$ cat target.cif   # mmCIF, C-alpha atoms and all ligand atoms
data_data
loop_
_atom_site.label_atom_id
_atom_site.label_comp_id
_atom_site.auth_asym_id
_atom_site.auth_seq_id
_atom_site.Cartn_x
_atom_site.Cartn_y
_atom_site.Cartn_z
CA MET A 4 28.30 -3.84 -22.74
CA THR A 5 28.41 -6.36 -19.90
CA ASP A 6 31.44 -8.54 -19.31
CA THR A 7 29.69 -11.75 -20.33
CA ALA A 8 28.28 -12.67 -23.70
CA ARG A 9 24.64 -12.23 -24.56
CA ILE A 10 23.57 -15.70 -25.66
CA ILE A 11 21.02 -15.86 -28.48
CA ALA A 12 19.37 -19.10 -29.61
CA ILE A 13 18.16 -19.13 -33.21
CA ALA A 14 15.26 -21.55 -33.03
CA ASN A 15 12.25 -22.88 -34.89
CA GLN A 16 11.40 -26.57 -34.97
CA LYS A 17 10.17 -26.20 -38.54
CA GLY A 18 12.83 -27.29 -41.02
CA GLY A 19 14.36 -25.12 -43.70
CA VAL A 20 13.07 -21.75 -42.47
CA GLY A 21 16.44 -19.98 -42.43
CA LYS A 22 17.82 -20.74 -38.94
CA THR A 23 21.31 -21.59 -40.16
CA THR A 24 21.39 -18.82 -42.77
CA THR A 25 20.35 -16.33 -40.08
CA SER A 26 22.84 -17.70 -37.53
CA VAL A 27 25.76 -17.60 -39.97
CA ASN A 28 25.04 -14.18 -41.43
CA LEU A 29 23.87 -12.40 -38.30
CA ALA A 30 26.97 -13.69 -36.47
CA THR A 31 29.14 -12.44 -39.35
CA ALA A 32 27.41 -9.06 -39.44
CA MET A 33 27.84 -8.64 -35.68
CA ALA A 34 31.55 -9.48 -35.97
CA ALA A 35 31.81 -6.94 -38.80
CA CYS A 36 30.37 -4.38 -36.34
CA GLY A 37 33.39 -5.04 -34.11
CA ARG A 38 31.75 -7.45 -31.68
CA ARG A 39 33.46 -10.63 -30.46
CA VAL A 40 31.18 -13.41 -31.62
CA LEU A 41 30.94 -17.17 -31.20
CA LEU A 42 28.56 -19.23 -33.31
CA VAL A 43 27.70 -22.60 -31.77
CA ASP A 44 26.58 -25.14 -34.35
CA PHE A 45 24.08 -27.17 -32.36
CA ASP A 46 22.53 -29.09 -35.22
CA PRO A 47 23.78 -32.60 -36.10
CA GLN A 48 23.44 -31.63 -39.79
CA GLY A 49 26.43 -29.34 -39.24
CA ASN A 50 25.21 -26.84 -41.84
CA ALA A 51 26.59 -23.79 -40.03
CA SER A 52 30.03 -25.46 -39.86
CA THR A 53 29.90 -26.29 -43.58
CA GLY A 54 28.71 -22.75 -44.23
CA PHE A 55 32.07 -21.55 -42.90
CA GLY A 56 33.97 -24.15 -44.89
CA ILE A 57 35.06 -26.07 -41.78
CA LYS A 58 36.07 -29.50 -43.10
CA LEU A 59 34.83 -32.63 -41.38
CA ASP A 60 38.38 -33.69 -40.47
CA ALA A 61 38.96 -30.40 -38.71
CA ARG A 62 35.90 -30.85 -36.49
CA ARG A 63 36.04 -34.55 -35.77
CA ASP A 64 37.82 -34.17 -32.41
CA ALA A 65 36.49 -30.88 -31.12
CA ASN A 66 32.81 -30.18 -31.69
CA SER A 67 29.52 -29.50 -29.91
CA TYR A 68 28.85 -33.21 -29.35
CA ARG A 69 32.12 -33.76 -27.50
CA LEU A 70 31.49 -30.52 -25.62
CA LEU A 71 28.22 -31.98 -24.31
CA THR A 72 29.81 -35.27 -23.35
CA GLY A 73 32.58 -33.40 -21.54
CA GLU A 74 35.36 -34.84 -23.72
CA VAL A 75 36.49 -31.36 -24.78
CA GLY A 76 36.19 -27.93 -23.23
CA ALA A 77 34.57 -24.98 -24.99
CA ARG A 78 37.91 -23.25 -25.45
CA GLU A 79 39.43 -26.18 -27.37
CA ALA A 80 36.28 -26.59 -29.43
CA CYS A 81 36.20 -22.99 -30.72
CA TYR A 82 37.50 -22.73 -34.26
CA LYS A 83 38.85 -19.38 -35.52
CA THR A 84 37.32 -18.30 -38.82
CA ASP A 85 38.92 -16.00 -41.41
CA ILE A 86 36.59 -13.27 -40.20
CA ALA A 87 38.08 -11.10 -37.48
CA GLY A 88 36.31 -11.58 -34.16
CA LEU A 89 34.27 -14.58 -35.26
CA ASP A 90 34.73 -18.10 -33.91
CA VAL A 91 32.66 -21.20 -34.64
CA LEU A 92 32.08 -24.17 -32.38
CA PRO A 93 31.31 -26.78 -35.05
CA ALA A 94 28.99 -29.79 -35.10
CA ILE A 95 29.19 -33.32 -36.44
CA VAL A 96 26.45 -35.87 -37.01
CA ASP A 97 27.26 -37.68 -33.71
CA LEU A 98 25.40 -34.84 -32.00
CA SER A 99 22.14 -36.57 -32.94
CA ALA A 100 22.99 -39.29 -30.39
CA ALA A 101 23.06 -36.69 -27.61
CA GLU A 102 19.26 -36.51 -27.59
CA ILE A 103 19.16 -40.11 -26.37
CA GLU A 104 22.42 -40.28 -24.44
CA LEU A 105 21.56 -37.25 -22.33
CA ALA A 106 18.06 -38.47 -21.51
CA GLU A 107 19.26 -40.23 -18.36
CA VAL A 108 21.88 -37.70 -17.28
CA ASP A 109 21.44 -35.36 -14.29
CA ALA A 110 20.77 -31.70 -15.16
CA ARG A 111 20.55 -32.80 -18.80
CA GLU A 112 18.91 -29.53 -19.86
CA PHE A 113 21.87 -27.49 -18.63
CA ARG A 114 24.80 -29.30 -20.26
CA LEU A 115 25.36 -26.59 -22.87
CA GLN A 116 24.92 -23.73 -20.42
CA THR A 117 27.48 -25.26 -18.07
CA ALA A 118 29.93 -26.03 -20.87
CA LEU A 119 29.79 -22.46 -22.23
CA GLN A 120 30.51 -20.81 -18.87
CA ILE A 121 34.24 -20.98 -19.50
CA VAL A 122 34.02 -18.83 -22.66
CA VAL A 123 31.21 -16.37 -21.90
CA ALA A 124 33.67 -13.71 -20.80
CA HIS A 125 35.55 -13.96 -24.12
CA TYR A 126 32.66 -12.93 -26.35
CA ASP A 127 30.07 -10.18 -26.66
CA TYR A 128 27.57 -12.46 -28.41
CA ILE A 129 27.11 -16.20 -28.64
CA PHE A 130 24.64 -17.42 -31.26
CA ILE A 131 23.32 -20.99 -31.11
CA ASP A 132 22.05 -22.52 -34.35
CA CYS A 133 19.35 -24.99 -33.24
CA PRO A 134 18.22 -28.15 -35.04
CA PRO A 135 14.70 -28.44 -36.49
CA SER A 136 13.13 -30.09 -33.45
CA LEU A 137 12.04 -29.27 -29.92
CA GLY A 138 14.07 -32.08 -28.37
CA LEU A 139 16.77 -31.97 -25.74
CA LEU A 140 19.25 -30.12 -27.97
CA THR A 141 16.90 -27.17 -28.49
CA ILE A 142 15.94 -27.26 -24.79
CA ASN A 143 19.67 -27.09 -23.92
CA ALA A 144 20.02 -24.09 -26.22
CA LEU A 145 17.00 -22.35 -24.62
CA CYS A 146 18.39 -23.02 -21.13
CA ALA A 147 21.78 -21.57 -22.08
CA ALA A 148 20.28 -18.55 -23.83
CA ASP A 149 19.29 -15.07 -22.67
CA CYS A 150 16.95 -14.75 -25.62
CA VAL A 151 15.58 -16.40 -28.75
CA ILE A 152 15.35 -15.14 -32.31
CA VAL A 153 12.78 -17.02 -34.38
CA PRO A 154 13.23 -17.07 -38.16
CA LEU A 155 9.89 -17.46 -39.91
CA GLN A 156 9.60 -18.30 -43.58
CA CYS A 157 6.99 -16.26 -45.45
CA GLU A 158 4.85 -19.17 -46.62
CA PHE A 159 1.44 -20.65 -45.93
CA TYR A 160 2.44 -23.05 -43.14
CA ALA A 161 4.66 -20.52 -41.40
CA LEU A 162 2.38 -19.96 -38.45
CA GLU A 163 1.75 -23.64 -38.00
CA GLY A 164 4.10 -24.81 -35.30
CA LEU A 165 4.85 -21.30 -34.07
CA SER A 166 2.37 -21.71 -31.21
CA GLN A 167 4.07 -24.97 -30.26
CA LEU A 168 7.45 -23.21 -30.25
CA MET A 169 6.01 -20.40 -28.11
CA ARG A 170 4.58 -22.96 -25.66
CA THR A 171 7.98 -24.65 -25.41
CA ILE A 172 9.63 -21.29 -24.76
CA GLN A 173 7.02 -20.57 -22.05
CA MET A 174 7.64 -23.97 -20.48
CA VAL A 175 11.36 -23.21 -20.33
CA GLN A 176 10.66 -19.74 -18.92
CA GLN A 177 8.45 -21.19 -16.17
CA GLY A 178 10.59 -24.08 -15.08
CA LEU A 179 14.15 -23.93 -16.35
CA ASN A 180 15.28 -20.47 -17.41
CA ARG A 181 13.22 -17.63 -15.97
CA HIS A 182 15.07 -14.83 -17.70
CA LEU A 183 14.68 -16.20 -21.24
CA VAL A 184 12.92 -13.73 -23.58
CA VAL A 185 11.84 -13.79 -27.19
CA GLN A 186 14.09 -11.15 -28.73
CA GLY A 187 12.31 -11.11 -32.07
CA ILE A 188 10.83 -12.83 -35.08
CA VAL A 189 12.59 -12.37 -38.39
CA LEU A 190 10.74 -12.91 -41.64
CA THR A 191 12.88 -14.84 -44.10
CA MET A 192 12.79 -15.77 -47.79
CA HIS A 193 10.34 -12.98 -48.46
CA ASP A 194 9.34 -12.40 -52.06
CA SER A 195 7.67 -9.02 -52.51
CA ARG A 196 6.22 -10.06 -55.91
CA ASN A 197 4.44 -12.96 -54.29
CA LYS A 198 1.05 -12.07 -52.79
CA LEU A 199 1.13 -14.96 -50.34
CA SER A 200 4.51 -13.86 -49.01
CA GLU A 201 3.04 -10.39 -48.36
CA MET A 202 -0.09 -11.83 -46.74
CA VAL A 203 1.91 -14.03 -44.38
CA ALA A 204 4.19 -11.13 -43.47
CA ASN A 205 1.14 -8.93 -42.71
CA ASP A 206 -0.50 -11.70 -40.66
CA VAL A 207 2.61 -12.26 -38.57
CA ARG A 208 2.95 -8.51 -37.93
CA ALA A 209 -0.73 -8.26 -36.96
CA HIS A 210 -0.28 -11.07 -34.42
CA PHE A 211 3.16 -10.37 -33.03
CA ARG A 212 3.47 -6.60 -33.61
CA ASN A 213 6.65 -5.17 -32.08
CA LEU A 214 8.18 -8.60 -31.78
CA VAL A 215 8.69 -8.73 -35.55
CA TYR A 216 11.87 -7.09 -36.87
CA ASN A 217 11.38 -4.29 -39.39
CA THR A 218 14.12 -5.89 -41.44
CA VAL A 219 12.79 -8.59 -43.75
CA ILE A 220 15.20 -11.05 -45.36
CA PRO A 221 14.39 -11.29 -49.08
CA ARG A 222 14.55 -14.49 -51.07
CA ASN A 223 17.92 -14.02 -52.71
CA ILE A 224 19.88 -16.41 -54.89
CA ARG A 225 23.27 -15.20 -53.55
CA ILE A 226 22.24 -16.31 -50.03
CA SER A 227 21.63 -19.85 -51.26
CA GLU A 228 24.86 -19.93 -53.30
CA ALA A 229 27.18 -18.73 -50.53
CA PRO A 230 27.30 -21.94 -48.39
CA SER A 231 28.62 -24.00 -51.30
CA PHE A 232 31.66 -21.69 -51.28
CA GLY A 233 32.03 -22.14 -47.52
CA GLN A 234 31.33 -18.46 -46.99
CA PRO A 235 28.71 -16.29 -45.31
CA VAL A 236 26.86 -14.23 -47.91
CA LEU A 237 28.41 -11.08 -46.42
CA ILE A 238 31.80 -12.33 -47.62
CA TYR A 239 30.55 -13.95 -50.82
CA ASP A 240 28.72 -10.85 -52.07
CA LEU A 241 28.42 -8.01 -49.57
CA LYS A 242 26.49 -5.82 -51.99
CA CYS A 243 23.65 -8.24 -52.72
CA ALA A 244 20.23 -7.63 -51.20
CA GLY A 245 20.49 -10.70 -48.94
CA ALA A 246 23.78 -9.61 -47.36
CA GLN A 247 22.52 -6.06 -46.89
CA ALA A 248 19.38 -7.37 -45.17
CA TYR A 249 21.51 -9.23 -42.62
CA VAL A 250 23.60 -6.09 -42.04
CA ALA A 251 20.34 -4.22 -41.36
CA LEU A 252 19.14 -6.98 -39.04
CA ALA A 253 22.38 -6.75 -37.03
CA ALA A 254 21.91 -2.97 -36.76
CA GLU A 255 18.36 -3.55 -35.51
CA LEU A 256 19.55 -6.08 -32.93
CA LEU A 257 22.23 -3.66 -31.71
CA SER A 258 19.72 -0.84 -31.37
CA GLN A 259 17.34 -3.16 -29.44
CA GLU A 260 20.16 -3.88 -27.04
CA LYS A 261 20.95 -0.18 -26.64
CA GLU A 262 17.30 0.55 -25.83
CA ALA A 263 17.27 -2.26 -23.28
CA VAL A 264 20.28 -0.73 -21.51
N1 LIG B 1 16.78 -15.56 -47.95
C1 LIG B 1 17.03 -16.66 -48.63
N2 LIG B 1 17.01 -16.66 -49.98
C2 LIG B 1 17.24 -17.78 -50.69
N3 LIG B 1 17.54 -18.97 -50.14
C3 LIG B 1 17.59 -19.03 -48.81
C4 LIG B 1 17.34 -17.90 -47.97
N4 LIG B 1 17.45 -18.28 -46.68
C5 LIG B 1 17.75 -19.58 -46.70
N5 LIG B 1 17.84 -20.05 -47.96
C6 LIG B 1 18.12 -21.42 -48.39
O1 LIG B 1 17.06 -22.23 -47.91
C7 LIG B 1 17.56 -23.45 -47.40
C8 LIG B 1 17.18 -23.59 -45.93
O2 LIG B 1 17.82 -22.56 -45.20
P1 LIG B 1 18.55 -22.87 -43.81
O3 LIG B 1 19.47 -24.03 -43.96
O4 LIG B 1 19.12 -21.59 -43.32
O5 LIG B 1 17.29 -23.27 -42.94
P2 LIG B 1 17.27 -24.03 -41.53
O6 LIG B 1 16.07 -23.54 -40.82
O7 LIG B 1 18.57 -23.87 -40.85
O8 LIG B 1 17.11 -25.55 -42.00
P3 LIG B 1 17.16 -26.83 -41.01
O9 LIG B 1 15.85 -26.82 -40.31
O10 LIG B 1 17.32 -27.99 -41.95
O11 LIG B 1 18.31 -26.64 -40.10
C9 LIG B 1 19.05 -23.43 -47.64
O12 LIG B 1 19.33 -24.10 -48.85
C10 LIG B 1 19.38 -21.95 -47.74
O13 LIG B 1 20.52 -21.71 -48.55
MG MG B 2 19.83 -25.35 -40.05
#

$ encode --input "target.cif" --output "structure tokens"
Amino acid sequence: MTDTARIIAIANQKGGVGKTTTSVNLATAMAACGRRVLLVDFDPQGNASTGFGIKLDARRDANSYRLLTGEVGAREACYKTDIAGLDVLPAIVDLSAAEIELAEVDAREFRLQTALQIVVAHYDYIFIDCPPSLGLLTINALCAADCVIVPLQCEFYALEGLSQLMRTIQMVQQGLNRHLVVQGIVLTMHDSRNKLSEMVANDVRAHFRNLVYNTVIPRNIRISEAPSFGQPVLIYDLKCAGAQAYVALAAELLSQEKEAV
């Protein structure tokens, strides 16, 4: 383990594919494996923050928007969760203004990277939950990150947009962040009884081969219930198939890292 965090952006500009669910539960599973983890909520919708039950009042002063504007430092903006080793840097809706406000600022793509420098030594992993767009927020996440994990929903339009995401990642690799890599693609909301789900999963594996995680996240009702209790599914119902899939995904990520070393 190095002495600075490995920063992982969870990105896909397509909406509702499981970015936040993957960020919240993979971060929780990694903390459960004894790693020091920070989850940065970088989506103005603030779903990851709500998913941990962080009330709006508690995040009004210190959040990812004010981190970008320089009004707060990363250390003040990190919120301790009830889960040992897991902190969240929450988001509020004001973050949507950053796309426009940053447009004229120098080094606008590197605001997040710069702001996180002060905490990288405090964590083993930093996950960034990206918004469903390829705007300046996602570009900031890709510039701050060492790697990207792409959640892909097992449905007909899944592959649509993936080439655009890959082109954006390439553009960042060529001009802004040369060491960025795609860590993996994770298939989400998979329904083994649904033929289409199977076909999409097979197609994605045929195209992307080793880049696709063996672990597939099943469509699971407990996963969708957990956020309304302000809990990751691992806390809400550890035994359910959805929670167990995220535990398996964390194990796969850890073994990838071991191989890389
Ligand atoms: N494996 C799953 N089984 C059942 N429901 C799921 C699963 N994964 C995600 N969901 C539900 O699907 C919806 C979209 O998931 P999520 O919010 O994680 O996607 P997202 O990509 O972050 O969305 P957005 O693009 O809006 O940020 C949520 O209501 C979530 O609870
Ligand atoms: Mg989301």

$ residues_near_ligand --input "target.cif" --ligand "ligand MG 2 (chain B)" --cutoff "9 Å" --atoms "only C-alpha atoms and all ligand atoms" --output "PyMOL selection string"
chain A and resi 18-24+26+44-46+48-51+132-135

$ residues_around --input "target.cif" --residues "Met33 (chain A)" --least-positions-apart "4" --cutoff "12 Å" --atoms "all atoms listed in the file" --output "PyMOL selection string"
chain A and resi 25-29+37-42+86-90+126-130+237+249-257

$ closest_residue --input "target.cif" --among "A:Arg208, A:Lys261, A:Asn223, A:Gly164" --to "ligand LIG 1 (chain B)" --atoms "only C-alpha atoms and all ligand atoms"
A:Asn223

$ atom_distance --input "target.cif" --atom1 "CA of Ser136 (chain A)" --atom2 "CA of Thr84 (chain A)"
27.4 Å

$ residues_around --input "target.cif" --residues "Glu158 (chain A)" --least-positions-apart "6" --cutoff "8 Å" --atoms "all atoms listed in the file" --output "VMD selection string"
chain A and resid 199 to 200 203

$ atom_distance --input "target.cif" --atom1 "CA of Val215 (chain A)" --atom2 "CA of Pro93 (chain A)"
28.9 Å

$ residues_around --input "target.cif" --residues "Ile142 (chain A)" --least-positions-apart "4" --cutoff "8 Å" --atoms "only C-alpha atoms" --output "compact mmCIF listing (two decimals) with C-alpha atoms, keeping the file's coordinate frame"
# COMPACT_ATOMS: atom_id res chain seq x y z
CA GLU A 112 18.91 -29.53 -19.86
CA LEU A 137 12.04 -29.27 -29.92
CA GLY A 138 14.07 -32.08 -28.37
CA CYS A 146 18.39 -23.02 -21.13
CA VAL A 175 11.36 -23.21 -20.33

$ residues_near_point --input "target.cif" --point "(37.1, -25.8, -19.9)" --cutoff "12 Å" --atoms "only C-alpha atoms" --output "VMD selection string"
chain A and resid 70 to 71 73 to 81 117 to 123

$ write_last_selection --input "target.cif" --atoms "C-alpha atoms" --output "short mmCIF file (atom, residue, chain, number, x, y, z; two decimals), in the frame of the given file"
data_model
loop_
_atom_site.label_atom_id
_atom_site.label_comp_id
_atom_site.auth_asym_id
_atom_site.auth_seq_id
_atom_site.Cartn_x
_atom_site.Cartn_y
_atom_site.Cartn_z
CA LEU A 70 31.49 -30.52 -25.62
CA LEU A 71 28.22 -31.98 -24.31
CA GLY A 73 32.58 -33.40 -21.54
CA GLU A 74 35.36 -34.84 -23.72
CA VAL A 75 36.49 -31.36 -24.78
CA GLY A 76 36.19 -27.93 -23.23
CA ALA A 77 34.57 -24.98 -24.99
CA ARG A 78 37.91 -23.25 -25.45
CA GLU A 79 39.43 -26.18 -27.37
CA ALA A 80 36.28 -26.59 -29.43
CA CYS A 81 36.20 -22.99 -30.72
CA THR A 117 27.48 -25.26 -18.07
CA ALA A 118 29.93 -26.03 -20.87
CA LEU A 119 29.79 -22.46 -22.23
CA GLN A 120 30.51 -20.81 -18.87
CA ILE A 121 34.24 -20.98 -19.50
CA VAL A 122 34.02 -18.83 -22.66
CA VAL A 123 31.21 -16.37 -21.90
#

$ closest_residue --input "target.cif" --among "A:Thr53, A:Ser99, A:Ser258, A:Asn180" --to "Tyr68 (chain A)" --atoms "all atoms listed in the file"
A:Ser99

$ residues_near_point --input "target.cif" --point "(28.2, -24.1, -47.4)" --cutoff "6 Å" --atoms "all atoms listed in the file" --output "list in words"
Thr53, Gly54, Pro230, Ser231, Phe232 and Gly233 of chain A

$ atom_distance --input "target.cif" --atom1 "CA of Ala65 (chain A)" --atom2 "CA of Val91 (chain A)"
11.0 Å

$ residues_around --input "target.cif" --residues "Arg62 (chain A)" --least-positions-apart "4" --cutoff "9 Å" --atoms "only C-alpha atoms" --output "ChimeraX atom specification"
/A:52,57-58,66,80,82,92-95

$ closest_residue --input "target.cif" --among "A:Lys242, A:Arg225, A:Arg69, A:Arg170" --to "ligand LIG 1 (chain B)" --atoms "all atoms listed in the file"
A:Arg225

$ build_atoms --input "target.cif" --residues "region 171-190 of chain A" --atoms "N, CA and C atoms" --output "compact mmCIF listing (two decimals), keeping the file's coordinate frame"
# COMPACT_ATOMS: atom_id res chain seq x y z
N THR A 171 6.72 -24.08 -25.91
CA THR A 171 7.98 -24.65 -25.41
C THR A 171 8.82 -23.57 -24.72
N ILE A 172 8.86 -22.39 -25.35
CA ILE A 172 9.63 -21.29 -24.76
C ILE A 172 9.04 -20.92 -23.39
N GLN A 173 7.70 -20.88 -23.32
CA GLN A 173 7.02 -20.57 -22.05
C GLN A 173 7.34 -21.61 -20.98
N MET A 174 7.34 -22.88 -21.41
CA MET A 174 7.64 -23.97 -20.48
C MET A 174 9.05 -23.80 -19.91
N VAL A 175 9.98 -23.43 -20.78
CA VAL A 175 11.36 -23.21 -20.33
C VAL A 175 11.41 -22.00 -19.39
N GLN A 176 10.68 -20.95 -19.76
CA GLN A 176 10.66 -19.74 -18.92
C GLN A 176 10.11 -20.05 -17.52
N GLN A 177 9.10 -20.92 -17.46
CA GLN A 177 8.45 -21.19 -16.17
C GLN A 177 9.27 -22.12 -15.29
N GLY A 178 9.94 -23.07 -15.91
CA GLY A 178 10.59 -24.08 -15.08
C GLY A 178 12.10 -24.07 -15.09
N LEU A 179 12.72 -23.68 -16.21
CA LEU A 179 14.15 -23.93 -16.35
C LEU A 179 15.02 -22.67 -16.48
N ASN A 180 14.47 -21.67 -17.15
CA ASN A 180 15.28 -20.47 -17.41
C ASN A 180 14.37 -19.25 -17.38
N ARG A 181 14.20 -18.71 -16.17
CA ARG A 181 13.22 -17.63 -15.97
C ARG A 181 13.54 -16.36 -16.74
N HIS A 182 14.81 -16.11 -17.04
CA HIS A 182 15.07 -14.83 -17.70
C HIS A 182 15.11 -14.90 -19.23
N LEU A 183 14.75 -16.06 -19.77
CA LEU A 183 14.68 -16.20 -21.24
C LEU A 183 13.59 -15.29 -21.82
N VAL A 184 13.94 -14.55 -22.89
CA VAL A 184 12.92 -13.73 -23.58
C VAL A 184 12.97 -14.01 -25.08
N VAL A 185 11.83 -13.73 -25.73
CA VAL A 185 11.84 -13.79 -27.19
C VAL A 185 12.33 -12.42 -27.66
N GLN A 186 13.49 -12.41 -28.28
CA GLN A 186 14.09 -11.15 -28.73
C GLN A 186 13.37 -10.64 -29.98
N GLY A 187 13.01 -11.56 -30.87
CA GLY A 187 12.31 -11.11 -32.07
C GLY A 187 12.06 -12.23 -33.06
N ILE A 188 11.16 -11.91 -33.98
CA ILE A 188 10.83 -12.83 -35.08
C ILE A 188 11.34 -12.18 -36.35
N VAL A 189 12.09 -12.95 -37.14
CA VAL A 189 12.59 -12.37 -38.39
C VAL A 189 11.99 -13.11 -39.58
N LEU A 190 11.37 -12.33 -40.45
CA LEU A 190 10.74 -12.91 -41.64
C LEU A 190 11.82 -13.20 -42.67
